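Novice: This one is query03.txt, compact mmCIF, C-alpha atoms.
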```txt
# COMPACT_ATOMS: atom_id res chain seq x y z
CA MET P 1 19.98 -52.71 9.36
CA ALA P 2 20.04 -56.40 8.52
CA ARG P 3 17.90 -57.09 11.51
CA ILE P 4 15.18 -54.62 10.32
CA ALA P 5 15.24 -56.15 6.83
CA ASN P 6 14.89 -59.65 8.39
CA ILE P 7 11.86 -58.53 10.47
CA LEU P 8 10.16 -56.85 7.49
CA SER P 9 10.71 -59.85 5.20
CA LYS P 10 9.05 -62.21 7.68
CA ASN P 11 6.10 -59.94 8.61
CA HIS P 12 4.32 -58.83 5.39
CA THR P 13 1.66 -56.82 7.27
CA LEU P 14 4.36 -54.70 8.87
CA LEU P 15 6.07 -54.28 5.46
CA VAL P 16 2.83 -53.06 3.80
CA THR P 17 2.12 -50.72 6.72
CA ALA P 18 5.66 -49.25 6.51
CA VAL P 19 5.34 -48.69 2.76
CA ILE P 20 1.93 -47.00 3.17
CA LEU P 21 3.14 -44.77 6.02
CA GLY P 22 6.32 -43.89 4.11
CA SER P 23 4.27 -42.96 1.03
CA CYS P 24 1.91 -40.81 3.09
CA TYR P 25 4.80 -38.95 4.73
CA TRP P 26 6.51 -38.47 1.37
CA TYR P 27 3.27 -37.07 -0.15
CA TRP P 28 2.65 -34.81 2.87
CA TYR P 29 6.16 -33.29 2.87
CA SER P 30 6.38 -32.92 -0.90
CA GLN P 31 3.37 -30.55 -0.92
CA PRO P 32 4.25 -26.87 -1.14
CA LEU P 33 4.12 -25.04 2.16
CA HIS P 34 1.43 -22.35 2.32
CA THR P 35 2.30 -19.23 4.22
CA GLN P 36 1.19 -15.63 4.71
CA ALA P 37 3.13 -12.37 4.55
CA TRP P 38 2.43 -8.63 4.84
CA PHE P 39 3.38 -6.39 1.93
CA SER P 40 3.30 -2.63 1.38
CA ILE P 41 1.77 -1.80 -2.00
CA PRO P 42 1.32 1.61 -3.66
CA ILE P 43 -2.02 3.28 -4.36
CA SER P 44 -2.33 4.36 -7.99
CA PHE P 45 -4.96 6.41 -9.80
CA HIS P 46 -5.95 6.06 -13.42
CA SER P 47 -8.07 8.30 -15.68
CA GLU P 48 -6.89 11.36 -13.77
CA SER P 49 -8.01 14.75 -14.97
CA ALA P 50 -5.25 17.31 -15.49
CA ASP P 51 -7.13 20.00 -13.55
CA VAL P 52 -7.63 17.94 -10.36
CA HIS P 53 -5.05 17.39 -7.63
CA ILE P 54 -5.42 14.19 -5.60
CA HIS P 55 -4.11 13.91 -2.04
CA ALA P 56 -4.10 10.33 -0.73
CA PRO P 57 -1.94 7.90 1.25
CA GLU P 58 0.95 6.55 -0.79
CA HIS P 59 0.83 2.94 0.44
CA LEU P 60 -1.53 0.27 1.69
CA TYR P 61 -0.60 -2.84 3.68
CA VAL P 62 -1.97 -6.19 2.50
CA LEU P 63 -1.74 -9.71 3.93
CA LEU P 64 -1.20 -12.19 1.11
CA ALA P 65 -1.30 -15.99 1.27
CA GLY P 66 0.20 -18.55 -1.06
CA THR P 67 3.09 -20.94 -1.39
CA ARG P 68 6.40 -19.78 -0.04
CA ARG P 69 7.89 -19.85 -3.52
CA ALA P 70 5.06 -17.73 -4.99
CA LEU P 71 5.36 -15.14 -2.20
CA GLU P 72 9.13 -14.93 -2.67
CA GLN P 73 8.66 -14.25 -6.39
CA ILE P 74 6.25 -11.33 -5.88
CA HIS P 75 7.53 -7.96 -7.03
CA THR P 76 5.61 -5.38 -5.00
CA GLU P 77 6.30 -2.74 -7.65
CA HIS P 78 4.02 -4.75 -9.99
CA ILE P 79 1.15 -4.90 -7.47
CA ALA P 80 -0.94 -1.83 -6.61
CA LEU P 81 -4.38 -0.72 -5.53
CA HIS P 82 -5.95 0.78 -8.67
CA ILE P 83 -8.55 3.53 -8.22
CA ASP P 84 -10.50 5.14 -11.05
CA ALA P 85 -10.11 8.89 -10.50
CA ARG P 86 -13.32 9.59 -12.46
CA THR P 87 -15.35 8.13 -9.58
CA LEU P 88 -13.95 10.65 -7.09
CA THR P 89 -15.96 13.74 -6.20
CA SER P 90 -14.51 17.12 -5.31
CA GLY P 91 -13.57 17.28 -1.64
CA SER P 92 -13.21 14.37 0.74
CA ASN P 93 -13.82 10.80 -0.50
CA ILE P 94 -13.88 7.79 1.82
CA ILE P 95 -13.11 4.66 -0.20
CA ALA P 96 -13.61 1.11 1.07
CA ILE P 97 -10.83 -1.10 -0.23
CA ASP P 98 -12.19 -3.34 -2.97
CA THR P 99 -10.15 -6.52 -3.38
CA SER P 100 -10.97 -6.63 -7.09
CA ALA P 101 -8.95 -3.42 -7.52
CA ILE P 102 -5.75 -5.24 -6.50
CA PHE P 103 -4.49 -7.43 -9.32
CA LEU P 104 -2.68 -10.51 -8.01
CA PRO P 105 -1.31 -13.68 -9.61
CA GLU P 106 -3.66 -16.70 -9.49
CA GLN P 107 -1.63 -18.58 -6.89
CA ILE P 108 -1.73 -15.61 -4.46
CA LYS P 109 -4.80 -14.81 -2.37
CA LEU P 110 -5.58 -11.54 -0.58
CA ILE P 111 -6.41 -12.16 3.09
CA GLU P 112 -6.59 -8.69 4.63
CA CYS P 113 -6.00 -4.97 3.93
CA ASN P 114 -4.86 -2.37 6.41
CA PRO P 115 -6.45 0.16 6.51
CA HIS P 116 -9.84 -1.09 5.35
CA THR P 117 -10.85 2.38 4.15
CA ILE P 118 -8.81 5.33 2.92
CA THR P 119 -9.63 9.02 2.70
CA ILE P 120 -8.82 10.75 -0.57
CA GLU P 121 -8.96 14.53 -0.96
CA THR P 122 -9.50 16.00 -4.42
CA VAL P 123 -9.02 19.67 -5.19
CA SER P 124 -9.59 21.33 -8.56
CA GLN P 125 -6.68 23.29 -10.00
CA ASP P 126 -8.69 26.57 -9.90
CA VAL P 127 -9.08 26.29 -6.12
CA THR P 128 -5.40 25.42 -5.77
CA GLU P 129 -4.33 28.41 -7.88
CA GLN P 130 -6.55 30.75 -5.85
CA ALA P 131 -5.01 29.43 -2.63
CA LEU P 132 -1.49 29.98 -4.03
CA ILE P 133 -2.35 33.53 -5.10
CA ALA P 134 -3.75 34.29 -1.64
CA THR P 135 -0.65 32.81 -0.04
CA ASN P 136 1.66 34.88 -2.26
CA VAL P 137 -0.28 38.08 -1.56
CA SER P 138 -0.06 37.54 2.20
CA LYS P 139 3.68 36.75 1.91
CA GLU P 140 4.33 39.91 -0.14
CA SER P 141 2.46 42.12 2.30
CA SER P 142 4.26 40.63 5.28
CA CYS P 143 7.61 40.99 3.50
CA SER P 144 7.02 44.67 2.66
CA ILE P 145 6.02 45.41 6.24
CA ALA P 146 9.04 43.55 7.57
CA SER P 147 11.38 45.41 5.20
CA LEU P 148 10.53 48.83 6.68
CA GLU P 149 13.33 50.19 8.75
CA PRO P 150 12.53 51.47 12.22
CA MET P 151 12.45 55.24 12.51
CA GLU P 152 13.69 57.22 15.41
CA SER P 153 11.14 59.22 17.35
CA GLU P 154 12.38 62.56 15.93
CA GLN P 155 12.02 61.40 12.33
CA LEU P 156 8.58 60.04 13.09
CA SER P 157 7.42 63.31 14.68
CA GLU P 158 8.76 65.30 11.68
CA LYS P 159 6.78 63.11 9.28
CA ILE P 160 3.62 63.49 11.30
CA LEU P 161 3.90 67.31 11.50
```
Any chance you could give the structure as structure tokens?
Specialist:
Amino acid sequence: MARIANILSKNHTLLVTAVILGSCYWYWYSQPLHTQAWFSIPISFHSESADVHIHAPEHLYVLLAGTRRALEQIHTEHIALHIDARTLTSGSNIIAIDTSAIFLPEQIKLIECNPHTITIETVSQDVTEQALIATNVSKESSCSIASLEPMESEQLSEKIL
């Protein structure tokens, strides 16, 4: 150690170069490390009408970038894809993922979404009720037929005659 100090004290150019290189390394390593990570976020709907049922995927996968500390502090329950239900039409809706519909902290950037589009089915409550009624009617008729006991051939011929 004394030998290195002796060399640096005699050669000022080497001393200045060592200080500059040490400062550059210190600055470089003190910067926060940027990284990327995949997260699963929910899909939420707002302004829903009470008489419309929405069938859609529950989650969306997003690739987020930021400092390691910022990514560790993310609570995925606070991040979601927000879709205005008033913009949906009855039937099948194919929605391209709009990055402005995902609210993120300033230090986090959205890199990629998977899938890029989602299909959302909307059904009015009237149609749903009619389908349930039809289902119940078919179940009742099949139950009443199934509940008939088999008759022996003699009983059957007596009923026919």
Novice: State, in Å with one decimal place, the distance from CA of Ser49 in chain P to CA of Ile83 in chain P.
Specialist: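 Interatomic distance here is 13.1 Å.
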Novice: Counting all atoms listed in the file, figure out which residue out of P:Ile108, P:Ala50, P:Ile95, P:Leu60 gets nearest to Gln73 in chain P.
Specialist: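 The closest residue to Gln73 in chain P is P:Ile108.
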Novice: Counting only C-alpha atoms, what are the residues of range 52-83 of chain P within 6 Å of range 112-115 of chain P, and for each of them which pair of atoms is the nearest and at what distance in Å, to one decimal? Sort the table by chain and rising number, as CSV.
Specialist:
```
residue,atom,partner,partner_atom,distance
P:Tyr61,CA,P:Asn114,CA,5.1
P:Val62,CA,P:Cys113,CA,4.4
P:Leu63,CA,P:Glu112,CA,5.0
```
Novice: Next, dump the selected residues to file, keeping only C-alpha atoms, as a tab-separated table (two decimals), keeping the file's coordinate frame.
Specialist:
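Below is the file that was written, result.tsv:
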```tsv
chain	number	residue	atom	x	y	z
P	61	TYR	CA	-0.60	-2.84	3.68
P	62	VAL	CA	-1.97	-6.19	2.50
P	63	LEU	CA	-1.74	-9.71	3.93
```
Novice: Residues near Glu106 in chain P, anyone? I mean within 12 Å using all atoms listed in the file, not counting same-chain ones fewer than 6 positions away, as a list in words.
Specialist: Leu64, Ala65, Gly66, Thr67, Ala70, Leu71 and Ile74 of chain P
Novice: Using all atoms listed in the file, find the one residue out of P:Pro105, P:Pro42, P:Ser90, P:Thr99 that sits nearest to Ile120 in chain P.
Specialist: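 Going through P:Pro105, P:Pro42, P:Ser90, P:Thr99 one by one, the smallest distance to Ile120 in chain P is for P:Ser90.
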Novice: Quick one: residues within 7 Å of Ile94 in chain P, all atoms listed in the file counted, chain neighbours fewer than 2 positions away excluded, as a PyMOL selection string?
Specialist: chain P and resi 92+96+117-120
Novice: Would you write out those residues with C-alpha atoms, as a PDB file, in the frame of the given file?
Specialist:
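The result, written out as out.pdb:
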```pdb
ATOM      1  CA  SER P  92     -13.210  14.370   0.740  1.00  0.00           C
ATOM      2  CA  ALA P  96     -13.610   1.110   1.070  1.00  0.00           C
ATOM      3  CA  THR P 117     -10.850   2.380   4.150  1.00  0.00           C
ATOM      4  CA  ILE P 118      -8.810   5.330   2.920  1.00  0.00           C
ATOM      5  CA  THR P 119      -9.630   9.020   2.700  1.00  0.00           C
ATOM      6  CA  ILE P 120      -8.820  10.750  -0.570  1.00  0.00           C
TER       7      ILE P 120
END
```
Novice: Measure the distance from CA of Ile41 in chain P to CA of Asp98 in chain P in Å and round it to one decimal.
Specialist: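 Separation between CA of Ile41 in chain P and CA of Asp98 in chain P: 14.1 Å.
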Novice: In Å to one decimal, how far is CA of Glu77 in chain P from CA of Gly91 in chain P?
Specialist: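 Separation of CA of Gly91 in chain P and CA of Glu77 in chain P: 28.8 Å.
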Novice: Select all residues near (6.5, -19.6, 2.6) (cut-off 6 Å, inclusive, file coordinates), counting only C-alpha atoms, and output them as a PyMOL selection string.
Specialist: chain P and resi 33-35+67-68
Novice: Can those selected residues be exported to a file as a PDB file, keeping the file's coordinate frame so that it contains C-alpha atoms?
Specialist:
```pdb
ATOM      1  CA  LEU P  33       4.120 -25.040   2.160  1.00  0.00           C
ATOM      2  CA  HIS P  34       1.430 -22.350   2.320  1.00  0.00           C
ATOM      3  CA  THR P  35       2.300 -19.230   4.220  1.00  0.00           C
ATOM      4  CA  THR P  67       3.090 -20.940  -1.390  1.00  0.00           C
ATOM      5  CA  ARG P  68       6.400 -19.780  -0.040  1.00  0.00           C
TER       6      ARG P  68
END
```
Novice: Using only C-alpha atoms, pick whichever of P:Ile54, P:Ala101, P:Ile4, P:Ala37 has the shortest atom-to-atom distance to Ser124 in chain P.
Specialist: P:Ile54
Novice: Leu104 in chain P: which residues within 9 Å, counting all atoms listed in the file, same-chain residues fewer than 6 positions away excluded, as a list in words?
Specialist: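 So, after excluding close chain neighbours, the residues are Ile79, Ala80 and Leu110 of chain P.
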Novice: From the options P:Gln36, P:Asn93, P:Ser47, P:Asn6, which residue's atoms come nearest to Glu72 in chain P, counting all atoms listed in the file?
Specialist: P:Gln36
Novice: Can you report as lines of an AutoDock Vina configuration file the centre and edge lengths in Å, to one decimal, of an axis-aligned box around the listed atoms of range 22-34 of chain P padded with 3 Å on each side?
Specialist:
```
center_x = 4.0
center_y = -33.1
center_z = 1.8
size_x = 11.1
size_y = 27.5
size_z = 11.9
```
Novice: Mind dumping range 27-143 of chain P from that block, keeping C-alpha atoms, as a compact mmCIF listing (two decimals), in the first residue's frame?
Specialist:
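What landed in part.txt:
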```
# COMPACT_ATOMS: atom_id res chain seq x y z
CA TYR P 27 -21.04 7.67 -10.63
CA TRP P 28 -21.77 4.70 -12.92
CA TYR P 29 -22.45 2.23 -10.07
CA SER P 30 -24.43 4.70 -7.96
CA GLN P 31 -27.06 5.06 -10.71
CA PRO P 32 -30.22 3.02 -10.17
CA LEU P 33 -30.35 -0.19 -12.15
CA HIS P 34 -33.13 -0.26 -14.76
CA THR P 35 -34.84 -3.57 -15.27
CA GLN P 36 -37.97 -5.10 -16.79
CA ALA P 37 -40.54 -7.49 -15.33
CA TRP P 38 -43.80 -9.16 -16.40
CA PHE P 39 -46.89 -8.57 -14.28
CA SER P 40 -50.44 -9.93 -14.39
CA ILE P 41 -52.97 -7.12 -14.01
CA PRO P 42 -56.77 -7.32 -13.82
CA ILE P 43 -59.17 -5.97 -16.44
CA SER P 44 -61.81 -3.69 -14.92
CA PHE P 45 -64.90 -2.06 -16.38
CA HIS P 46 -66.40 1.23 -15.31
CA SER P 47 -69.77 2.84 -16.14
CA GLU P 48 -71.36 -0.59 -16.40
CA SER P 49 -75.08 -0.79 -17.02
CA ALA P 50 -77.04 -3.00 -14.63
CA ASP P 51 -78.86 -4.76 -17.46
CA VAL P 52 -75.71 -5.86 -19.36
CA HIS P 53 -73.53 -8.85 -18.54
CA ILE P 54 -69.89 -8.61 -19.63
CA HIS P 55 -67.80 -11.71 -20.34
CA ALA P 56 -64.09 -10.95 -20.70
CA PRO P 57 -60.67 -12.30 -19.69
CA GLU P 58 -59.87 -11.59 -16.06
CA HIS P 59 -56.18 -10.70 -16.48
CA LEU P 60 -53.73 -9.17 -18.90
CA TYR P 61 -49.95 -9.59 -18.87
CA VAL P 62 -47.80 -6.45 -19.14
CA LEU P 63 -44.04 -5.92 -19.38
CA LEU P 64 -43.04 -2.95 -17.24
CA ALA P 65 -39.67 -1.20 -17.08
CA GLY P 66 -38.20 0.98 -14.37
CA THR P 67 -35.73 0.94 -11.54
CA ARG P 68 -35.52 -2.23 -9.52
CA ARG P 69 -36.75 -0.40 -6.44
CA ALA P 70 -39.78 1.04 -8.27
CA LEU P 71 -40.74 -2.36 -9.69
CA GLU P 72 -40.43 -3.98 -6.26
CA GLN P 73 -42.78 -1.37 -4.78
CA ILE P 74 -45.55 -1.95 -7.35
CA HIS P 75 -48.78 -3.35 -5.96
CA THR P 76 -50.47 -5.12 -8.87
CA GLU P 77 -53.85 -4.80 -7.14
CA HIS P 78 -53.57 -1.01 -7.68
CA ILE P 79 -52.83 -1.35 -11.42
CA ALA P 80 -55.52 -2.42 -13.91
CA LEU P 81 -56.64 -2.04 -17.49
CA HIS P 82 -59.65 0.29 -17.33
CA ILE P 83 -62.33 -0.06 -20.01
CA ASP P 84 -65.37 2.19 -20.34
CA ALA P 85 -68.33 -0.20 -20.62
CA ARG P 86 -70.42 2.47 -22.39
CA THR P 87 -68.23 2.08 -25.49
CA LEU P 88 -69.05 -1.64 -25.81
CA THR P 89 -71.72 -2.76 -28.24
CA SER P 90 -74.01 -5.74 -27.77
CA GLY P 91 -72.33 -8.95 -28.88
CA SER P 92 -68.64 -9.47 -29.56
CA ASN P 93 -66.20 -6.56 -29.13
CA ILE P 94 -62.53 -6.77 -30.12
CA ILE P 95 -60.56 -4.19 -28.15
CA ALA P 96 -56.98 -3.17 -28.92
CA ILE P 97 -55.12 -2.53 -25.69
CA ASP P 98 -54.64 1.20 -25.24
CA THR P 99 -51.67 2.01 -23.02
CA SER P 100 -53.39 5.16 -21.77
CA ALA P 101 -56.02 2.95 -20.11
CA ILE P 102 -53.38 1.50 -17.77
CA PHE P 103 -52.49 3.98 -15.03
CA LEU P 104 -48.88 3.61 -13.91
CA PRO P 105 -46.57 5.61 -11.64
CA GLU P 106 -44.32 8.13 -13.44
CA GLN P 107 -41.13 6.14 -12.90
CA ILE P 108 -42.65 2.99 -14.50
CA LYS P 109 -42.98 2.61 -18.27
CA LEU P 110 -45.18 0.13 -20.14
CA ILE P 111 -43.14 -1.83 -22.70
CA GLU P 112 -45.52 -4.53 -23.96
CA CYS P 113 -48.97 -6.09 -23.41
CA ASN P 114 -49.92 -9.70 -23.95
CA PRO P 115 -52.38 -10.19 -25.58
CA HIS P 116 -52.44 -7.08 -27.75
CA THR P 117 -56.20 -7.37 -28.29
CA ILE P 118 -58.95 -8.89 -26.17
CA THR P 119 -62.43 -10.10 -27.07
CA ILE P 120 -65.26 -8.94 -24.84
CA GLU P 121 -68.76 -10.41 -25.08
CA THR P 122 -71.69 -8.32 -23.87
CA VAL P 123 -75.17 -9.75 -23.39
CA SER P 124 -78.23 -7.82 -22.26
CA GLN P 125 -80.06 -9.14 -19.21
CA ASP P 126 -83.25 -9.79 -21.26
CA VAL P 127 -81.38 -12.21 -23.52
CA THR P 128 -79.78 -13.86 -20.50
CA GLU P 129 -83.15 -14.29 -18.75
CA GLN P 130 -84.68 -15.79 -21.90
CA ALA P 131 -81.80 -18.26 -22.15
CA LEU P 132 -82.26 -19.24 -18.48
CA ILE P 133 -86.00 -19.73 -18.96
CA ALA P 134 -85.37 -21.92 -22.02
CA THR P 135 -82.79 -23.91 -20.08
CA ASN P 136 -85.16 -24.42 -17.14
CA VAL P 137 -88.01 -25.51 -19.44
CA SER P 138 -85.80 -28.09 -21.15
CA LYS P 139 -84.55 -29.34 -17.75
CA GLU P 140 -88.11 -29.68 -16.41
CA SER P 141 -89.29 -31.59 -19.46
CA SER P 142 -86.31 -33.93 -19.34
CA CYS P 143 -86.81 -34.47 -15.60
```
